$ cat query.txt   # compact mmCIF, C-alpha atoms and all ligand atoms
# COMPACT_ATOMS: atom_id res chain seq x y z
CA MET E 20 2.13 -4.80 20.98
CA GLN E 21 -0.37 -1.93 20.76
CA ARG E 22 1.79 0.28 22.97
CA ALA E 23 4.95 -0.60 21.07
CA LEU E 24 3.21 0.34 17.83
CA GLU E 25 1.94 3.62 19.29
CA LYS E 26 5.48 4.47 20.43
CA HIS E 27 6.80 3.56 16.99
CA LEU E 28 4.31 5.90 15.29
CA ILE E 29 5.20 8.80 17.57
CA GLU E 30 8.86 8.37 16.62
CA LEU E 31 8.00 7.96 12.94
CA LYS E 32 5.88 11.12 12.90
CA ASN E 33 8.86 13.06 14.23
CA CYS E 34 11.26 11.70 11.62
CA ARG E 35 13.19 14.36 9.68
CA LEU E 36 15.91 12.17 8.21
CA CYS E 37 15.41 13.20 4.56
CA PRO E 38 16.25 16.88 3.97
CA ASN E 39 14.72 17.08 0.48
CA VAL E 40 11.22 15.72 1.06
CA VAL E 41 8.31 18.12 1.55
CA GLY E 42 6.53 16.11 4.21
CA PRO E 43 4.82 15.88 6.61
CA VAL E 44 5.14 12.25 7.63
CA VAL E 45 1.86 10.54 6.68
CA THR E 46 0.77 7.50 8.68
CA GLN E 47 -2.35 5.57 9.52
CA GLY E 48 -3.22 4.74 13.15
CA PRO E 49 -1.59 2.03 15.29
CA VAL E 50 -3.47 -0.90 13.74
CA VAL E 51 -2.22 -4.26 14.99
CA SER E 52 -2.81 -6.44 11.96
CA LYS E 53 -1.49 -9.49 10.15
CA VAL E 54 -2.16 -7.75 6.83
CA TYR E 55 0.44 -5.13 5.90
CA LEU E 56 -0.15 -2.82 2.95
CA ILE E 57 2.76 -0.94 1.38
CA GLY E 58 1.98 2.14 -0.69
CA GLN E 59 4.58 4.11 -2.65
CA ALA E 60 4.68 7.66 -1.22
CA PRO E 61 2.00 10.16 -0.22
CA GLY E 62 0.89 12.73 -2.76
CA PRO E 63 0.58 16.48 -2.13
CA ARG E 64 -2.82 16.19 -0.41
CA GLU E 65 -2.30 13.26 1.97
CA GLY E 66 -0.37 15.44 4.42
CA PHE E 67 -3.39 17.73 4.79
CA PHE E 68 -5.72 14.81 5.50
CA GLY E 69 -3.10 13.05 7.62
CA ARG E 70 -3.66 9.61 6.19
CA PRO E 71 -2.40 7.53 3.28
CA PHE E 72 -4.44 7.08 0.08
CA ALA E 73 -6.70 10.00 1.01
CA TRP E 74 -7.24 11.26 -2.55
CA THR E 75 -8.30 9.87 -5.95
CA ALA E 76 -5.98 6.84 -6.12
CA GLY E 77 -7.33 5.87 -2.70
CA LYS E 78 -10.91 5.96 -4.01
CA THR E 79 -10.00 3.35 -6.58
CA LEU E 80 -7.95 1.28 -4.14
CA PHE E 81 -10.77 1.16 -1.59
CA LYS E 82 -13.25 0.15 -4.28
CA TRP E 83 -11.03 -2.81 -4.99
CA PHE E 84 -10.97 -3.78 -1.31
CA SER E 85 -14.71 -3.15 -0.91
CA SER E 86 -15.27 -5.69 -3.67
CA ILE E 87 -13.65 -8.32 -1.43
CA GLY E 88 -15.50 -7.41 1.73
CA LEU E 89 -13.84 -4.44 3.47
CA ASN E 90 -14.91 -0.88 2.80
CA GLU E 91 -12.52 2.03 3.33
CA GLU E 92 -13.37 2.62 6.97
CA GLU E 93 -13.12 -1.08 7.83
CA PHE E 94 -9.90 -1.44 5.88
CA ARG E 95 -8.27 1.50 7.67
CA ARG E 96 -9.30 0.04 11.04
CA ARG E 97 -8.07 -3.49 10.33
CA VAL E 98 -5.05 -3.27 8.02
CA TYR E 99 -1.70 -1.63 8.80
CA MET E 100 -0.91 0.88 6.06
CA ALA E 101 2.77 1.57 5.39
CA ALA E 102 4.63 3.12 2.46
CA VAL E 103 8.02 3.00 0.81
CA CYS E 104 8.46 6.70 1.59
CA ARG E 105 6.24 8.23 4.30
CA CYS E 106 6.67 11.85 3.22
CA PHE E 107 5.52 13.63 0.07
CA PRO E 108 8.76 13.88 -1.93
CA GLY E 109 7.73 17.08 -3.74
CA LYS E 110 7.20 17.85 -7.40
CA ALA E 111 9.57 16.73 -10.16
CA LYS E 112 11.05 19.44 -12.40
CA ALA E 113 9.44 17.79 -15.43
CA GLY E 114 6.02 17.79 -13.70
CA GLY E 115 4.23 15.20 -11.61
CA ASP E 116 5.31 13.95 -8.20
CA ARG E 117 9.02 13.32 -7.66
CA VAL E 118 9.99 9.66 -7.27
CA PRO E 119 11.84 9.18 -3.97
CA THR E 120 15.60 8.76 -4.43
CA PRO E 121 17.25 5.40 -3.64
CA THR E 122 18.75 7.03 -0.52
CA GLU E 123 15.32 8.21 0.67
CA VAL E 124 13.86 4.76 0.00
CA LYS E 125 16.68 3.07 1.91
CA THR E 126 16.43 5.52 4.81
CA CYS E 127 12.66 5.12 5.12
CA ALA E 128 12.92 1.31 4.87
CA SER E 129 14.24 1.28 8.44
CA TRP E 130 10.72 2.20 9.61
CA MET E 131 9.27 -0.61 7.55
CA GLU E 132 11.76 -3.06 9.00
CA GLN E 133 10.76 -2.10 12.55
CA GLU E 134 7.07 -2.55 11.68
CA VAL E 135 7.55 -5.95 10.05
CA LYS E 136 9.54 -7.17 13.05
CA LEU E 137 6.84 -5.88 15.39
CA LEU E 138 3.71 -6.95 13.51
CA LYS E 139 5.01 -10.15 11.83
CA PRO E 140 2.44 -9.89 9.02
CA LYS E 141 1.17 -13.04 7.33
CA LEU E 142 0.13 -11.17 4.20
CA VAL E 143 1.98 -8.25 2.61
CA ILE E 144 0.26 -6.26 -0.16
CA PRO E 145 2.64 -3.95 -2.02
CA VAL E 146 0.77 -1.47 -4.22
CA GLY E 147 2.55 -0.16 -7.31
CA ARG E 148 5.96 -0.84 -8.84
CA LEU E 149 8.03 1.08 -6.32
CA ALA E 150 6.42 -0.82 -3.44
CA ILE E 151 6.56 -4.18 -5.22
CA GLU E 152 10.27 -3.76 -5.89
CA GLN E 153 10.98 -3.31 -2.19
CA VAL E 154 9.68 -6.81 -1.60
CA LEU E 155 10.25 -8.76 -4.83
CA PRO E 156 12.91 -8.75 -7.56
CA GLN E 157 12.26 -6.39 -10.47
CA ALA E 158 9.92 -8.01 -13.04
CA PRO E 159 7.14 -6.97 -15.43
CA LEU E 160 3.75 -6.38 -13.76
CA THR E 161 2.31 -9.19 -15.88
CA GLU E 162 4.54 -11.58 -13.92
CA THR E 163 3.82 -10.19 -10.46
CA ILE E 164 0.12 -9.23 -10.40
CA GLY E 165 -2.25 -12.14 -9.86
CA VAL E 166 0.43 -14.24 -8.14
CA GLN E 167 1.04 -15.12 -4.49
CA PHE E 168 4.73 -15.24 -3.51
CA ASP E 169 6.41 -16.85 -0.51
CA LYS E 170 8.92 -14.35 0.76
CA VAL E 171 11.30 -13.73 3.62
CA PHE E 172 10.86 -10.01 4.28
CA PHE E 173 13.21 -8.43 6.82
CA GLY E 174 13.87 -11.93 8.16
CA HIS E 175 10.17 -12.76 8.48
CA SER E 176 8.37 -15.36 6.32
CA CYS E 177 5.13 -14.16 4.76
CA HIS E 178 2.99 -14.25 1.64
CA VAL E 179 3.17 -11.35 -0.79
CA ILE E 180 0.30 -10.52 -3.16
CA PRO E 181 1.09 -7.39 -5.19
CA LEU E 182 -1.42 -4.97 -6.68
CA PRO E 183 -0.91 -2.38 -9.43
CA HIS E 184 -0.96 1.28 -8.48
CA PRO E 185 -4.56 2.60 -8.61
CA SER E 186 -3.51 5.97 -10.00
CA GLY E 187 -5.96 7.61 -12.38
CA ALA E 188 -3.06 8.18 -14.76
CA SER E 189 -2.44 4.43 -15.04
CA THR E 190 -4.17 2.47 -17.77
CA TRP E 191 -2.49 -0.84 -16.87
CA PHE E 192 -5.33 -2.21 -14.73
CA LYS E 193 -8.05 -0.92 -17.08
CA ARG E 194 -6.93 -2.94 -20.10
CA GLU E 195 -6.14 -6.57 -20.70
CA PRO E 196 -4.20 -8.43 -19.44
CA GLY E 197 -3.98 -6.02 -16.47
CA LYS E 198 -7.72 -6.04 -15.86
CA SER E 199 -7.92 -9.84 -15.48
CA LEU E 200 -4.69 -10.02 -13.49
CA LEU E 201 -6.02 -7.41 -11.03
CA LEU E 202 -9.20 -9.46 -10.54
CA LYS E 203 -7.10 -12.57 -9.99
CA ALA E 204 -4.93 -10.79 -7.40
CA LEU E 205 -8.01 -9.56 -5.51
CA GLN E 206 -9.47 -13.05 -5.60
CA ILE E 207 -6.26 -14.51 -4.13
CA ILE E 208 -6.24 -11.83 -1.40
CA SER E 209 -9.89 -12.52 -0.57
CA ARG E 210 -9.13 -16.22 0.02
CA HIS E 211 -5.99 -15.70 2.04
CA PRO E 212 -6.38 -16.81 5.69
CA ALA E 213 -5.02 -13.47 7.00
CA TRP E 214 -7.64 -11.57 4.98
CA GLN E 215 -10.35 -13.95 6.18
CA GLU E 216 -9.25 -13.28 9.77
CA LEU E 217 -10.09 -9.61 9.19
CA ASP E 218 -13.70 -10.77 8.98
CA PRO E 219 -14.66 -9.28 5.61
CA ARG E 220 -18.39 -8.60 5.46
CA SER E 221 -19.27 -10.37 2.31
CA THR E 222 -17.98 -12.95 -0.05
CA CYS E 223 -15.89 -11.78 -2.92
CA ASP E 224 -17.94 -9.69 -5.36
CA LEU E 225 -15.54 -8.75 -8.10
CA ARG E 226 -18.43 -7.41 -10.19
CA LYS E 227 -18.17 -4.24 -8.06
CA ILE E 228 -14.83 -3.50 -9.69
CA LYS E 229 -16.73 -2.87 -12.89
CA LEU E 230 -18.03 0.27 -11.18
CA LEU E 231 -14.63 1.76 -11.90
CA ASP E 232 -14.90 4.17 -14.74
CA SER E 233 -13.34 7.36 -15.91
CA ALA E 234 -15.69 9.38 -13.69
CA ASP E 235 -13.83 8.09 -10.64
CA GLU E 236 -10.45 9.22 -11.90
CA PRO E 237 -8.87 12.68 -11.75
S1 LIG Z 301 10.67 9.83 4.01
FE1 LIG Z 301 10.77 8.41 5.77
S2 LIG Z 301 12.89 8.49 6.49
FE2 LIG Z 301 12.55 10.29 5.18
S3 LIG Z 301 11.92 11.94 6.58
FE3 LIG Z 301 10.04 10.99 5.83
S4 LIG Z 301 9.58 9.40 7.37
FE4 LIG Z 301 11.72 9.99 7.67
$ encode --input "query.txt" --output "structure tokens" --more "lines below"
Ligand code: SF4
Amino acid sequence: MQRALEKHLIELKNCRLCPNVVGPVVTQGPVVSKVYLIGQAPGPREGFFGRPFAWTAGKTLFKWFSSIGLNEEEFRRRVYMAAVCRCFPGKAKAGGDRVPTPTEVKTCASWMEQEVKLLKPKLVIPVGRLAIEQVLPQAPLTETIGVQFDKVFFGHSCHVIPLPHPSGASTWFKREPGKSLLLKALQIISRHPAWQELDPRSTCDLRKIKLLDSADEP
């Protein structure tokens, strides 16, 4: 499977199917894992670093995962990191990053489908609304965060535990009920057999999440 995944990543990195994205294609390494994370789309800096969640939102995300036993380095080595759109879409005219178009999302989903069929993940963690809506029907975050769903995803049965987007611009996970729902979601992930198989270092220490403060955000 390792070789098939390496071949897949070479093909993915050469993808130029969407003419309006800025790129480049941002991927993590060929990590054979039963835990599959789905981000939204890389920002303007991820291409330079050549890996997903390489900037401020990533700092917050990896603090969340550190609190349940895997620091950033361990997480990147043990979890496959995908995204709805693998290329930076560019800036929106009104400011901020452009949201990928439905056509770009659909086009890029073919890469996700290949990965799910190859890896057969037991646990899928979509991060942020755009990612969550690729896996689950549209619903308020209060109904999707802190819940484990049984899902058939590209023909494969798995559990889905969504997380909110860790963007510094988001206040959802810093206020109630988002704060408690985030803790609940992390707790459910930490107890999931596929997460336990990753051999997290410590037991769940959700107190670490309290380290999040405005100083960590852009
Ligand atoms: S967004 Fe996805 S489908 Fe489009 S060019 Fe990038 S990798 Fe290819």
$ residues_near_point --input "query.txt" --point "(16.6, 5.6, 6.4)" --cutoff "12 Å" --atoms "all atoms listed in the file" --output "list in words"
Leu31, Cys34, Arg35, Leu36, Cys37, Pro38, Val103, Cys104, Arg105, Pro119, Thr120, Pro121, Thr122, Glu123, Val124, Lys125, Thr126, Cys127, Ala128, Ser129, Trp130, Met131, Glu132 and Gln133 of chain E
$ residues_around --input "query.txt" --residues "stretch 44-52 of chain E" --least-positions-apart "6" --cutoff "7 Å" --atoms "all atoms listed in the file" --output "PDB file with C-alpha atoms, in the coordinates of the input"
ATOM      1  CA  GLN E  21      -0.370  -1.930  20.760  1.00  0.00           C
ATOM      2  CA  LEU E  24       3.210   0.340  17.830  1.00  0.00           C
ATOM      3  CA  GLU E  25       1.940   3.620  19.290  1.00  0.00           C
ATOM      4  CA  LYS E  32       5.880  11.120  12.900  1.00  0.00           C
ATOM      5  CA  PRO E  61       2.000  10.160  -0.220  1.00  0.00           C
ATOM      6  CA  GLU E  65      -2.300  13.260   1.970  1.00  0.00           C
ATOM      7  CA  GLY E  66      -0.370  15.440   4.420  1.00  0.00           C
ATOM      8  CA  GLY E  69      -3.100  13.050   7.620  1.00  0.00           C
ATOM      9  CA  ARG E  70      -3.660   9.610   6.190  1.00  0.00           C
ATOM     10  CA  PRO E  71      -2.400   7.530   3.280  1.00  0.00           C
ATOM     11  CA  ARG E  96      -9.300   0.040  11.040  1.00  0.00           C
ATOM     12  CA  ARG E  97      -8.070  -3.490  10.330  1.00  0.00           C
ATOM     13  CA  VAL E  98      -5.050  -3.270   8.020  1.00  0.00           C
ATOM     14  CA  TYR E  99      -1.700  -1.630   8.800  1.00  0.00           C
ATOM     15  CA  MET E 100      -0.910   0.880   6.060  1.00  0.00           C
ATOM     16  CA  ARG E 105       6.240   8.230   4.300  1.00  0.00           C
ATOM     17  CA  CYS E 106       6.670  11.850   3.220  1.00  0.00           C
ATOM     18  CA  LEU E 138       3.710  -6.950  13.510  1.00  0.00           C
ATOM     19  CA  PRO E 140       2.440  -9.890   9.020  1.00  0.00           C
TER      20      PRO E 140
END
$ atom_distance --input "query.txt" --atom1 "atom CA of E:Ala76" --atom2 "atom CA of E:Gly187"
6.3 Å
$ axis_aligned_box --input "query.txt" --around "ligand LIG 301 (chain Z)" --padding-each-side "3 Å" --output "AutoDock Vina command-line options"
--center_x 11.2 --center_y 10.2 --center_z 5.8 --size_x 9.3 --size_y 9.5 --size_z 9.7
$ closest_residue --input "query.txt" --among "E:Lys203, E:Phe107, E:Trp74, E:His27" --to "ligand LIG 301 (chain Z)" --atoms "all atoms listed in the file"
E:Phe107
$ closest_atom_pairs --input "query.txt" --of "stretch 47-121 of chain E" --to "stretch 192-195 of chain E" --cutoff "12 Å" --atoms "all atoms listed in the file" --output "Markdown table"
| residue | atom | partner | partner_atom | distance |
| --- | --- | --- | --- | --- |
| E:Thr79 | CA | E:Phe192 | CA | 10.9 |
| E:Leu80 | CA | E:Phe192 | CA | 11.5 |
| E:Trp83 | CA | E:Phe192 | CA | 11.3 |
$ closest_residue --input "query.txt" --among "E:Gly109, E:Tyr55, E:Val179, E:Phe84" --to "ligand LIG 301 (chain Z)" --atoms "only C-alpha atoms and all ligand atoms"
E:Gly109
$ closest_residue --input "query.txt" --among "E:Pro219, E:Gly88, E:Gly58, E:Pro108" --to "ligand LIG 301 (chain Z)" --atoms "all atoms listed in the file"
E:Pro108
$ build_atoms --input "query.txt" --residues "stretch 98-124 of chain E" --atoms "N, CA and C atoms" --output "CSV table (one decimal), in the coordinates of the input"
chain,number,residue,atom,x,y,z
E,98,VAL,N,-6.3,-3.0,8.8
E,98,VAL,CA,-5.0,-3.3,8.0
E,98,VAL,C,-4.0,-2.2,8.3
E,99,TYR,N,-2.8,-2.6,8.6
E,99,TYR,CA,-1.7,-1.6,8.8
E,99,TYR,C,-1.3,-1.1,7.4
E,100,MET,N,-1.2,0.3,7.3
E,100,MET,CA,-0.9,0.9,6.1
E,100,MET,C,0.5,1.6,6.2
E,101,ALA,N,1.4,1.0,5.4
E,101,ALA,CA,2.8,1.6,5.4
E,101,ALA,C,3.0,2.2,4.0
E,102,ALA,N,4.2,2.6,3.8
E,102,ALA,CA,4.6,3.1,2.5
E,102,ALA,C,6.1,3.0,2.3
E,103,VAL,N,6.6,3.0,1.1
E,103,VAL,CA,8.0,3.0,0.8
E,103,VAL,C,8.7,4.3,1.4
E,104,CYS,N,8.0,5.4,1.1
E,104,CYS,CA,8.5,6.7,1.6
E,104,CYS,C,7.3,7.4,2.3
E,105,ARG,N,7.4,7.8,3.5
E,105,ARG,CA,6.2,8.2,4.3
E,105,ARG,C,6.0,9.7,4.1
E,106,CYS,N,6.8,10.4,3.4
E,106,CYS,CA,6.7,11.8,3.2
E,106,CYS,C,6.5,12.2,1.7
E,107,PHE,N,5.7,13.2,1.5
E,107,PHE,CA,5.5,13.6,0.1
E,107,PHE,C,6.9,14.1,-0.4
E,108,PRO,N,7.4,13.5,-1.5
E,108,PRO,CA,8.8,13.9,-1.9
E,108,PRO,C,8.8,15.2,-2.6
E,109,GLY,N,7.7,15.8,-3.0
E,109,GLY,CA,7.7,17.1,-3.7
E,109,GLY,C,7.5,16.9,-5.2
E,110,LYS,N,7.5,17.9,-6.0
E,110,LYS,CA,7.2,17.8,-7.4
E,110,LYS,C,8.5,17.6,-8.2
E,111,ALA,N,8.4,16.9,-9.3
E,111,ALA,CA,9.6,16.7,-10.2
E,111,ALA,C,9.7,17.9,-11.1
E,112,LYS,N,10.9,18.3,-11.5
E,112,LYS,CA,11.0,19.4,-12.4
E,112,LYS,C,10.2,19.3,-13.7
E,113,ALA,N,10.2,18.0,-14.2
E,113,ALA,CA,9.4,17.8,-15.4
E,113,ALA,C,7.9,17.7,-15.2
E,114,GLY,N,7.5,17.9,-14.0
E,114,GLY,CA,6.0,17.8,-13.7
E,114,GLY,C,5.7,16.5,-13.0
E,115,GLY,N,4.6,16.4,-12.3
E,115,GLY,CA,4.2,15.2,-11.6
E,115,GLY,C,5.0,15.1,-10.3
E,116,ASP,N,4.7,14.1,-9.5
E,116,ASP,CA,5.3,14.0,-8.2
E,116,ASP,C,6.7,13.3,-8.4
E,117,ARG,N,7.7,13.8,-7.6
E,117,ARG,CA,9.0,13.3,-7.7
E,117,ARG,C,9.1,11.9,-7.1
E,118,VAL,N,9.8,11.0,-7.8
E,118,VAL,CA,10.0,9.7,-7.3
E,118,VAL,C,11.1,9.7,-6.2
E,119,PRO,N,10.8,9.1,-5.0
E,119,PRO,CA,11.8,9.2,-4.0
E,119,PRO,C,13.2,8.6,-4.5
E,120,THR,N,14.3,9.2,-4.0
E,120,THR,CA,15.6,8.8,-4.4
E,120,THR,C,15.9,7.4,-3.7
E,121,PRO,N,16.9,6.7,-4.3
E,121,PRO,CA,17.2,5.4,-3.6
E,121,PRO,C,17.7,5.6,-2.2
E,122,THR,N,18.3,6.8,-1.9
E,122,THR,CA,18.8,7.0,-0.5
E,122,THR,C,17.5,7.2,0.4
E,123,GLU,N,16.5,8.0,-0.1
E,123,GLU,CA,15.3,8.2,0.7
E,123,GLU,C,14.6,6.9,0.9
E,124,VAL,N,14.5,6.1,-0.1
E,124,VAL,CA,13.9,4.8,0.0
E,124,VAL,C,14.6,3.9,1.1
